[in-house]
Amino acid sequence: MPWAGYPKMLRMTRRSEFDAAFESPHKAKDPVLQLHARLNGLGRPRLGIVVGRKVRTAPARNRIKRLIREAFRLNREKLASGWDYLFLPRKTEKLTLAEVAASLVKLAQKAVPPAEEPPKP
RNA sequence: CAGGGUGGGCGGACGGCCGCUUCCCGAAGAGUCCGUCCCCGCUCCGCGGGGGUCCGGCCUGAGGGGGGAGGAAAGUCCGAGCUCCACAGGGCAGGGUGGUCGCUAACGGCGACCGGGGCGCUCCCGCGAGGGACGCUUCAGGGAAAGUGCCACAGAAAAUACACCGCCGACCUCGGGGGCGACUCCGGGGGGCAAGGGUGAAAAGGUGGGGUAAGAGCCCACCGCCGUCCUGGUGACAGGGCGGGCAUGGCAAACCCCACCCGGAGAAAGGCCAAAUAAGACGGCGUUUGAGGUCGGCCCGGCCGAGCCGUCGGGUAGGCCGUUGGAGGCGGCAGGCAACUGCCGUCCCAGUUUAAUGGCCGUCACCGCAGGUCCGAAGGGAUCUGCGGGACAGAACUCGGCUUACAGCCCAUCCGCACGU
RNA sequence: GCGGCUGUAGCUCAACGGCAGAGCGCCACGUUGCCAACGUGGAUACUGCGGGUUCAAGCCCCGCCAGUCGCU
């Protein structure tokens with residue numbers, strides 16, 4: 001069983017990090033999610049989530065974030081290290097973990113060019 | 001019985017796997033950062049350099065243990081604590097509250113009481129107007145004889161009352177008739193009246209009688225109202241006696257008046273550390289004859305006070321504290337109608353910051369629908385199987401309320417043998 | 001966290017507390033061979049929602065909802 005934790009070092013926490021990810025050219029989207037990916041030079045992947053006020057209530061926003069976090073956590077093996085992954089939800093109602101996970105993996109592979117994957121330190 | 005009303009409570013449980021956050025313990029490890037220890041130098045406080053890693057702290061951390069959303073955490077509508085503004089002073093302006101008494105840290109909250117309004121196949125009294133009892137319900141409920149303003153349309157008239165239809169023909173007068181005459185009859189005018197009609201949300205007390213030409217508080221009785229005194233009550237008020245023929249329409253959630261309350265800003269408060277630009281340019285005001293500040297406006301007084309304001313240009317926007325033990329929860333006893341309070345015992349119960357408290361699965365319980373079986377006279381109930389469902393909503397300094405949202409369940413009480421079956 | 005403003009016909013806006021209106025748009029008819037323009041007539045609103053005050057509320061008061069703009 002691979003270690004599937006989600007500590008703070010795997011999260012994006014700065015305003016500047018989010019702004020940089022939005023400026024990145026590596027983008028992909030499908031009906032469920034939208035992804036902005038960016039090289040972070042840290043040798044590990046990091047996750048950022050933005051759920052707008054369009055989703056009215058706080059519990060609904062939390063639900064979306066939790067599902068995306070869970071999908072990220074369980075599928076980290078399939079993601080390229082050294083990248084920041086900023087996700088935005090496009091579908092906001094009746095989400096399931098399975099569809100979020102499928103979308104997340106697919107978009108990550110689509111947005112990140114395999115050649116640019118940095119060597120492990 | 002179903003189904004409702006009112007008040008109160010709960011807001012799924014258990015297990016498996018994988019995670020998040022915080023606190024504590026901590027095998028072991030590393031750096032040589034700080035303290036400490038040793039040596040050396042300098043002008044003996046101290047400072048600088050070198051070294052050791054025994055001890056303490058910091059750092060990393062296998063593993064173990066404890067805690068981890070709500071009744072509304074929400075809206076931000078009130079009230080406080082707390083922090084800063086030197087103290088939080090006076091007046092104006094502004095805002096808020098509004099029956100009384102109490103509770104409270106405080107409140108626009110809560111409790112009890114008082115007083116209005118509305119409703120009743122209800123009851124009692126009265127010829128009647130109406131009064132009383134009971135039950136339910138509702139009220140932002142100070143002041144309208146300080147002032148100002150408004151009251152559309154309709155209507156004759158809307159607050160100095162008034163006279164369209166109408167009623168009267170006592171008094172004055174004109175015309176006509178009858179009678180010898182005293183006088184009398186008819187019609188009109190001046191005039192008298194406000195009972196009836198009609199309008200309106202509202203028509204200037206009401207009912208019954210007397211009275212009159214007709215009428216009218218004109219007079220009387222009762223009901224209502226006003227004034228005054230007495231009694232009871234802390235009080236709002238209540239009850240009673242006496243007096244007055246009745247004045248005082250409504251609106252203050254219109255301006256306003258009265259009483260009481262309110263200094264401002266808010267944890268992005270505020271404090272500390274680190275990092276970074278620059279001692280930037282131009283313009284204006286000012287240094288004891290005082291700029292500016294004292295986070296809403298004006299004035300006065302007091303205080304601080306040498307810088308302040310505008311435009312352009314540039315830099316940083318990271319960490320720690322505040323930050324969770326409190327008007328605190330639970331239980332018992334006592335006081336009070338109650339809100340609530342006192343005493344004793346006991347418990348420690350989130351502390352995040354792109355923001356934790358979760359994800360998936362299973363079992364049970366719950367609810368709805370469909371079908372079967374059983375019980376009952378029936379409405380229904382019990383049980384089994386299958387399918388579906390699980391609300392409103394996420395702490396962000398902390399409390400007390402208010403308001404709003406909410407699947408389903410439980411308890412108490414009331415309506416309901418029926419106008420649902 | 002603190003504060004302001006707005007909500008009325010399909011759209012943009014009016015309305016001393018007294019019967020909710022204007023412009024554009026829409027519909028019908030006329031005009032034209034047809035269309036546009038023009039002319040005539042007409043429809044369209046539980047004034048965001050729920051209460052209250054008042055004889056009477058779009059307007060006054062209270063509570064919600066939605067939108068929008070600021071400050072730090």
# chains A, B, ... in the order shown; residues from 1 in each chain; ligands from 1
>>> closest_atom_pairs(of="chain A", to="chain B", cutoff="12 Å", atoms="only C-alpha atoms (C1' of nucleotides)", output="tab-separated table")
residue	atom	partner	partner_atom	distance
A:Met1	CA	B:C18	C1'	10.2
A:Pro2	CA	B:C18	C1'	10.9
A:Trp3	CA	B:C18	C1'	9.8
A:Ala4	CA	B:G19	C1'	7.7
A:Gly5	CA	B:G19	C1'	6.3
A:Tyr6	CA	B:G19	C1'	7.3
A:Pro7	CA	B:C20	C1'	8.0
A:Lys8	CA	B:C20	C1'	9.6
A:Arg11	CA	B:U354	C1'	8.6
A:Met12	CA	B:U354	C1'	7.1
A:Thr13	CA	B:U354	C1'	5.4
A:Arg14	CA	B:U354	C1'	7.2
A:Arg15	CA	B:U354	C1'	7.8
A:Ser16	CA	B:U354	C1'	11.0
A:Glu17	CA	B:U354	C1'	10.1
A:Phe18	CA	B:U354	C1'	8.7
A:Asp19	CA	B:U354	C1'	11.8
A:Leu47	CA	B:U354	C1'	10.0
A:Gly48	CA	B:U354	C1'	7.2
A:Ile49	CA	B:U354	C1'	7.3
A:Val50	CA	B:U354	C1'	7.7
A:Val51	CA	B:U354	C1'	10.0
A:Gly52	CA	B:U354	C1'	11.9
A:Arg56	CA	B:A393	C1'	11.2
A:Thr57	CA	B:A393	C1'	7.8
A:Ala58	CA	B:G394	C1'	6.1
A:Pro59	CA	B:G394	C1'	5.7
A:Ala60	CA	B:A393	C1'	9.4
A:Arg61	CA	B:G394	C1'	9.8
A:Asn62	CA	B:G394	C1'	8.1
A:Arg63	CA	B:G358	C1'	9.2
A:Ile64	CA	B:G358	C1'	11.6
A:Lys65	CA	B:G358	C1'	10.5
A:Arg66	CA	B:G358	C1'	7.0
A:Leu67	CA	B:G359	C1'	7.4
A:Ile68	CA	B:G359	C1'	10.4
A:Arg69	CA	B:G359	C1'	9.5
A:Glu70	CA	B:G359	C1'	6.5
A:Ala71	CA	B:G359	C1'	9.2
A:Phe72	CA	B:G19	C1'	11.6
A:Arg73	CA	B:G19	C1'	8.4
A:Leu74	CA	B:C18	C1'	8.7
A:Leu86	CA	B:U354	C1'	10.8
A:Phe87	CA	B:U354	C1'	11.9
A:Thr96	CA	B:G359	C1'	10.4
A:Leu97	CA	B:G359	C1'	8.1
A:Ala98	CA	B:C360	C1'	10.1
>>> write_last_selection(atoms="C-alpha atoms", output="mmCIF file, in the first residue's frame")
data_model
loop_
_atom_site.group_PDB
_atom_site.id
_atom_site.type_symbol
_atom_site.label_atom_id
_atom_site.label_comp_id
_atom_site.auth_asym_id
_atom_site.auth_seq_id
_atom_site.Cartn_x
_atom_site.Cartn_y
_atom_site.Cartn_z
ATOM 1 C CA MET A 1 0.000 0.000 0.000
ATOM 2 C CA PRO A 2 1.580 3.313 -1.023
ATOM 3 C CA TRP A 3 1.595 6.070 1.487
ATOM 4 C CA ALA A 4 -1.439 8.199 0.680
ATOM 5 C CA GLY A 5 -1.227 10.972 3.221
ATOM 6 C CA TYR A 6 -1.996 14.586 2.584
ATOM 7 C CA PRO A 7 0.166 16.749 4.808
ATOM 8 C CA LYS A 8 0.557 20.491 4.591
ATOM 9 C CA ARG A 11 -0.752 22.031 -0.360
ATOM 10 C CA MET A 12 -0.541 25.391 -2.011
ATOM 11 C CA THR A 13 -1.002 28.042 0.645
ATOM 12 C CA ARG A 14 0.144 31.389 -0.764
ATOM 13 C CA ARG A 15 -1.846 33.863 -2.730
ATOM 14 C CA SER A 16 1.173 34.286 -5.027
ATOM 15 C CA GLU A 17 1.252 30.546 -5.753
ATOM 16 C CA PHE A 18 -2.347 30.594 -6.870
ATOM 17 C CA ASP A 19 -1.777 33.660 -9.050
ATOM 18 C CA LEU A 47 -2.699 20.696 -4.656
ATOM 19 C CA GLY A 48 -4.726 23.877 -4.708
ATOM 20 C CA ILE A 49 -8.500 24.201 -4.959
ATOM 21 C CA VAL A 50 -10.621 27.251 -5.710
ATOM 22 C CA VAL A 51 -14.387 27.030 -5.252
ATOM 23 C CA GLY A 52 -16.128 30.297 -5.994
ATOM 24 C CA ARG A 56 -23.846 29.205 -2.267
ATOM 25 C CA THR A 57 -23.351 27.480 1.039
ATOM 26 C CA ALA A 58 -20.197 26.661 2.931
ATOM 27 C CA PRO A 59 -21.023 22.949 3.383
ATOM 28 C CA ALA A 60 -21.458 22.567 -0.370
ATOM 29 C CA ARG A 61 -18.103 24.250 -0.996
ATOM 30 C CA ASN A 62 -16.472 22.032 1.632
ATOM 31 C CA ARG A 63 -17.949 18.917 0.059
ATOM 32 C CA ILE A 64 -16.394 19.771 -3.308
ATOM 33 C CA LYS A 65 -12.992 20.503 -1.776
ATOM 34 C CA ARG A 66 -13.025 17.285 0.202
ATOM 35 C CA LEU A 67 -13.807 15.193 -2.830
ATOM 36 C CA ILE A 68 -11.032 16.785 -4.851
ATOM 37 C CA ARG A 69 -8.565 16.356 -1.983
ATOM 38 C CA GLU A 70 -9.555 12.716 -1.576
ATOM 39 C CA ALA A 71 -9.157 12.070 -5.302
ATOM 40 C CA PHE A 72 -5.726 13.736 -5.234
ATOM 41 C CA ARG A 73 -4.683 11.749 -2.191
ATOM 42 C CA LEU A 74 -5.697 8.372 -3.551
ATOM 43 C CA LEU A 86 -4.838 24.002 -9.200
ATOM 44 C CA PHE A 87 -8.349 22.647 -9.658
ATOM 45 C CA THR A 96 -19.161 11.437 -6.632
ATOM 46 C CA LEU A 97 -15.624 10.498 -5.710
ATOM 47 C CA ALA A 98 -15.327 8.154 -8.703
#
>>> select_by_dssp(residues="chain A", states="alpha helix (DSSP H)", output="ChimeraX atom specification")
/A:15-23,58-74,97-111
>>> residues_around(residues="stretch 9-19 of chain C", least_positions_apart="3", cutoff="10 Å", atoms="only C-alpha atoms (C1' of nucleotides)", output="number ranges by chain")
B: 150, 152-153, 254; C: 22-26, 44-45, 54, 56-60
>>> residues_around(residues="B:A214", least_positions_apart="3", cutoff="8 Å", atoms="only C-alpha atoms (C1' of nucleotides)", output="JSON, numbers by chain")
{"B": [167, 168, 193]}
>>> residues_around(residues="C:C64", least_positions_apart="6", cutoff="8 Å", atoms="only C-alpha atoms (C1' of nucleotides)", output="PyMOL selection string")
(chain B and resi 404) or (chain C and resi 49-50)
>>> residues_around(residues="stretch 99-109 of chain B", least_positions_apart="5", cutoff="8 Å", atoms="only C-alpha atoms (C1' of nucleotides)", output="PDB file with N, CA, C and O atoms (P, O5', C5', C4', C3', O3' and C1' of nucleotides), in the first residue's frame")
ATOM      1  P     C B  78     -28.730  47.248  14.557  1.00  0.00           P
ATOM      2  O5'   C B  78     -29.421  47.006  15.965  1.00  0.00           O
ATOM      3  C5'   C B  78     -28.673  47.175  17.126  1.00  0.00           C
ATOM      4  C4'   C B  78     -29.472  46.724  18.332  1.00  0.00           C
ATOM      5  C3'   C B  78     -28.646  46.664  19.590  1.00  0.00           C
ATOM      6  O3'   C B  78     -28.586  47.940  20.205  1.00  0.00           O
ATOM      7  C1'   C B  78     -29.781  44.621  19.325  1.00  0.00           C
ATOM      8  P     G B  79     -27.155  48.477  20.717  1.00  0.00           P
ATOM      9  O5'   G B  79     -26.928  47.587  22.006  1.00  0.00           O
ATOM     10  C5'   G B  79     -27.919  47.566  23.030  1.00  0.00           C
ATOM     11  C4'   G B  79     -27.611  46.490  24.034  1.00  0.00           C
ATOM     12  C3'   G B  79     -26.197  46.486  24.580  1.00  0.00           C
ATOM     13  O3'   G B  79     -26.023  47.476  25.575  1.00  0.00           O
ATOM     14  C1'   G B  79     -26.849  44.284  24.058  1.00  0.00           C
ATOM     15  P     A B  80     -24.587  48.194  25.695  1.00  0.00           P
ATOM     16  O5'   A B  80     -23.631  46.948  25.916  1.00  0.00           O
ATOM     17  C5'   A B  80     -22.613  47.001  26.863  1.00  0.00           C
ATOM     18  C4'   A B  80     -22.360  45.632  27.461  1.00  0.00           C
ATOM     19  C3'   A B  80     -20.880  45.257  27.556  1.00  0.00           C
ATOM     20  O3'   A B  80     -20.280  45.827  28.696  1.00  0.00           O
ATOM     21  C1'   A B  80     -22.087  43.458  26.609  1.00  0.00           C
ATOM     22  P     C B 114     -53.740  41.438  36.340  1.00  0.00           P
ATOM     23  O5'   C B 114     -53.588  42.936  35.809  1.00  0.00           O
ATOM     24  C5'   C B 114     -53.580  44.025  36.726  1.00  0.00           C
ATOM     25  C4'   C B 114     -53.341  45.326  36.010  1.00  0.00           C
ATOM     26  C3'   C B 114     -54.317  45.656  34.907  1.00  0.00           C
ATOM     27  O3'   C B 114     -55.562  46.113  35.417  1.00  0.00           O
ATOM     28  C1'   C B 114     -52.132  46.187  34.195  1.00  0.00           C
ATOM     29  P     G B 115     -56.940  45.794  34.621  1.00  0.00           P
ATOM     30  O5'   G B 115     -56.813  46.709  33.321  1.00  0.00           O
ATOM     31  C5'   G B 115     -56.726  48.119  33.464  1.00  0.00           C
ATOM     32  C4'   G B 115     -56.394  48.762  32.140  1.00  0.00           C
ATOM     33  C3'   G B 115     -57.284  48.341  30.988  1.00  0.00           C
ATOM     34  O3'   G B 115     -58.536  49.006  31.039  1.00  0.00           O
ATOM     35  C1'   G B 115     -55.026  48.338  30.282  1.00  0.00           C
ATOM     36  P     G B 141     -49.002  49.907  19.883  1.00  0.00           P
ATOM     37  O5'   G B 141     -49.324  51.320  20.556  1.00  0.00           O
ATOM     38  C5'   G B 141     -50.479  51.521  21.340  1.00  0.00           C
ATOM     39  C4'   G B 141     -50.104  51.764  22.787  1.00  0.00           C
ATOM     40  C3'   G B 141     -48.628  52.050  23.054  1.00  0.00           C
ATOM     41  O3'   G B 141     -48.534  53.179  23.927  1.00  0.00           O
ATOM     42  C1'   G B 141     -49.438  50.334  24.484  1.00  0.00           C
ATOM     43  P     U B 234     -48.069  47.745  48.076  1.00  0.00           P
ATOM     44  O5'   U B 234     -47.601  49.010  47.209  1.00  0.00           O
ATOM     45  C5'   U B 234     -46.829  50.052  47.798  1.00  0.00           C
ATOM     46  C4'   U B 234     -45.773  50.536  46.848  1.00  0.00           C
ATOM     47  C3'   U B 234     -46.288  51.064  45.504  1.00  0.00           C
ATOM     48  O3'   U B 234     -46.644  52.431  45.602  1.00  0.00           O
ATOM     49  C1'   U B 234     -44.451  49.590  45.153  1.00  0.00           C
ATOM     50  P     G B 235     -48.071  52.943  45.015  1.00  0.00           P
ATOM     51  O5'   G B 235     -47.916  52.729  43.449  1.00  0.00           O
ATOM     52  C5'   G B 235     -47.027  53.554  42.685  1.00  0.00           C
ATOM     53  C4'   G B 235     -46.786  52.952  41.317  1.00  0.00           C
ATOM     54  C3'   G B 235     -48.028  52.844  40.439  1.00  0.00           C
ATOM     55  O3'   G B 235     -48.221  54.056  39.721  1.00  0.00           O
ATOM     56  C1'   G B 235     -46.833  50.790  40.420  1.00  0.00           C
ATOM     57  P     A B 236     -49.698  54.478  39.202  1.00  0.00           P
ATOM     58  O5'   A B 236     -49.813  53.630  37.849  1.00  0.00           O
ATOM     59  C5'   A B 236     -49.031  53.986  36.704  1.00  0.00           C
ATOM     60  C4'   A B 236     -49.159  52.922  35.634  1.00  0.00           C
ATOM     61  C3'   A B 236     -50.591  52.667  35.189  1.00  0.00           C
ATOM     62  O3'   A B 236     -50.960  53.560  34.157  1.00  0.00           O
ATOM     63  C1'   A B 236     -49.490  50.609  35.651  1.00  0.00           C
ATOM     64  P     A B 327     -17.764  35.601  30.632  1.00  0.00           P
ATOM     65  O5'   A B 327     -18.929  35.614  31.718  1.00  0.00           O
ATOM     66  C5'   A B 327     -18.669  35.375  33.085  1.00  0.00           C
ATOM     67  C4'   A B 327     -19.963  35.407  33.849  1.00  0.00           C
ATOM     68  C3'   A B 327     -20.987  34.357  33.385  1.00  0.00           C
ATOM     69  O3'   A B 327     -21.037  33.307  34.325  1.00  0.00           O
ATOM     70  C1'   A B 327     -21.838  36.560  33.046  1.00  0.00           C
ATOM     71  P     A B 339     -38.561  30.316  35.611  1.00  0.00           P
ATOM     72  O5'   A B 339     -38.057  31.685  34.961  1.00  0.00           O
ATOM     73  C5'   A B 339     -38.105  31.881  33.545  1.00  0.00           C
ATOM     74  C4'   A B 339     -37.747  33.313  33.210  1.00  0.00           C
ATOM     75  C3'   A B 339     -36.318  33.724  33.540  1.00  0.00           C
ATOM     76  O3'   A B 339     -35.423  33.393  32.496  1.00  0.00           O
ATOM     77  C1'   A B 339     -37.834  35.345  34.358  1.00  0.00           C
ATOM     78  P     C B 340     -34.180  32.422  32.746  1.00  0.00           P
ATOM     79  O5'   C B 340     -33.519  32.983  34.085  1.00  0.00           O
ATOM     80  C5'   C B 340     -32.779  34.195  34.103  1.00  0.00           C
ATOM     81  C4'   C B 340     -32.823  34.811  35.483  1.00  0.00           C
ATOM     82  C3'   C B 340     -31.765  34.327  36.466  1.00  0.00           C
ATOM     83  O3'   C B 340     -30.525  34.984  36.281  1.00  0.00           O
ATOM     84  C1'   C B 340     -33.873  34.336  37.537  1.00  0.00           C
ATOM     85  P     G B 401     -29.332  33.328  26.373  1.00  0.00           P
ATOM     86  O5'   G B 401     -29.750  34.343  25.229  1.00  0.00           O
ATOM     87  C5'   G B 401     -31.065  34.388  24.749  1.00  0.00           C
ATOM     88  C4'   G B 401     -31.487  35.813  24.459  1.00  0.00           C
ATOM     89  C3'   G B 401     -32.334  35.981  23.210  1.00  0.00           C
ATOM     90  O3'   G B 401     -33.688  35.666  23.459  1.00  0.00           O
ATOM     91  C1'   G B 401     -30.633  37.621  23.226  1.00  0.00           C
ATOM     92  P     C B 402     -34.467  34.734  22.400  1.00  0.00           P
ATOM     93  O5'   C B 402     -34.725  35.747  21.187  1.00  0.00           O
ATOM     94  C5'   C B 402     -35.435  36.954  21.406  1.00  0.00           C
ATOM     95  C4'   C B 402     -35.283  37.880  20.219  1.00  0.00           C
ATOM     96  C3'   C B 402     -35.684  37.286  18.886  1.00  0.00           C
ATOM     97  O3'   C B 402     -37.077  37.368  18.677  1.00  0.00           O
ATOM     98  C1'   C B 402     -33.589  38.371  18.669  1.00  0.00           C
TER      99        C B 402
END
>>> select_by_dssp(residues="chain A", states="strand (DSSP E or B)", output="ChimeraX atom specification")
/A:11,26-29,33-39,46-49,83-89
>>> residues_around(residues="A:Asp30", least_positions_apart="3", cutoff="10 Å", atoms="only C-alpha atoms (C1' of nucleotides)", output="list in words")
Leu33, Gln34, Leu35, Pro89, Arg90, Lys91, Ser103, Leu104, Lys106 and Leu107 of chain A
>>> write_last_selection(atoms="C-alpha atoms", output="PDB file, in the first residue's frame")
ATOM      1  CA  LEU A  33     -13.085  19.946 -13.413  1.00  0.00           C
ATOM      2  CA  GLN A  34     -10.721  22.584 -14.722  1.00  0.00           C
ATOM      3  CA  LEU A  35      -6.969  22.344 -14.120  1.00  0.00           C
ATOM      4  CA  PRO A  89     -14.951  22.621 -10.127  1.00  0.00           C
ATOM      5  CA  ARG A  90     -17.132  22.936 -13.200  1.00  0.00           C
ATOM      6  CA  LYS A  91     -19.849  20.519 -12.127  1.00  0.00           C
ATOM      7  CA  SER A 103     -11.470  13.508 -14.240  1.00  0.00           C
ATOM      8  CA  LEU A 104      -8.523  14.545 -12.067  1.00  0.00           C
ATOM      9  CA  LYS A 106      -7.212  12.373 -16.982  1.00  0.00           C
ATOM     10  CA  LEU A 107      -6.710  16.152 -16.841  1.00  0.00           C
TER      11      LEU A 107
END
>>> atom_distance(atom1="atom C1' of B:A265", atom2="atom C1' of B:U323")
21.3 Å
>>> atom_distance(atom1="atom C1' of B:C127", atom2="atom C1' of B:G224")
19.1 Å
>>> atom_distance(atom1="atom C1' of B:G408", atom2="atom C1' of B:A69")
21.2 Å
>>> closest_residue(among="B:G362, B:G190, B:G280, B:G210", to="B:G16", atoms="only C-alpha atoms (C1' of nucleotides)")
B:G362
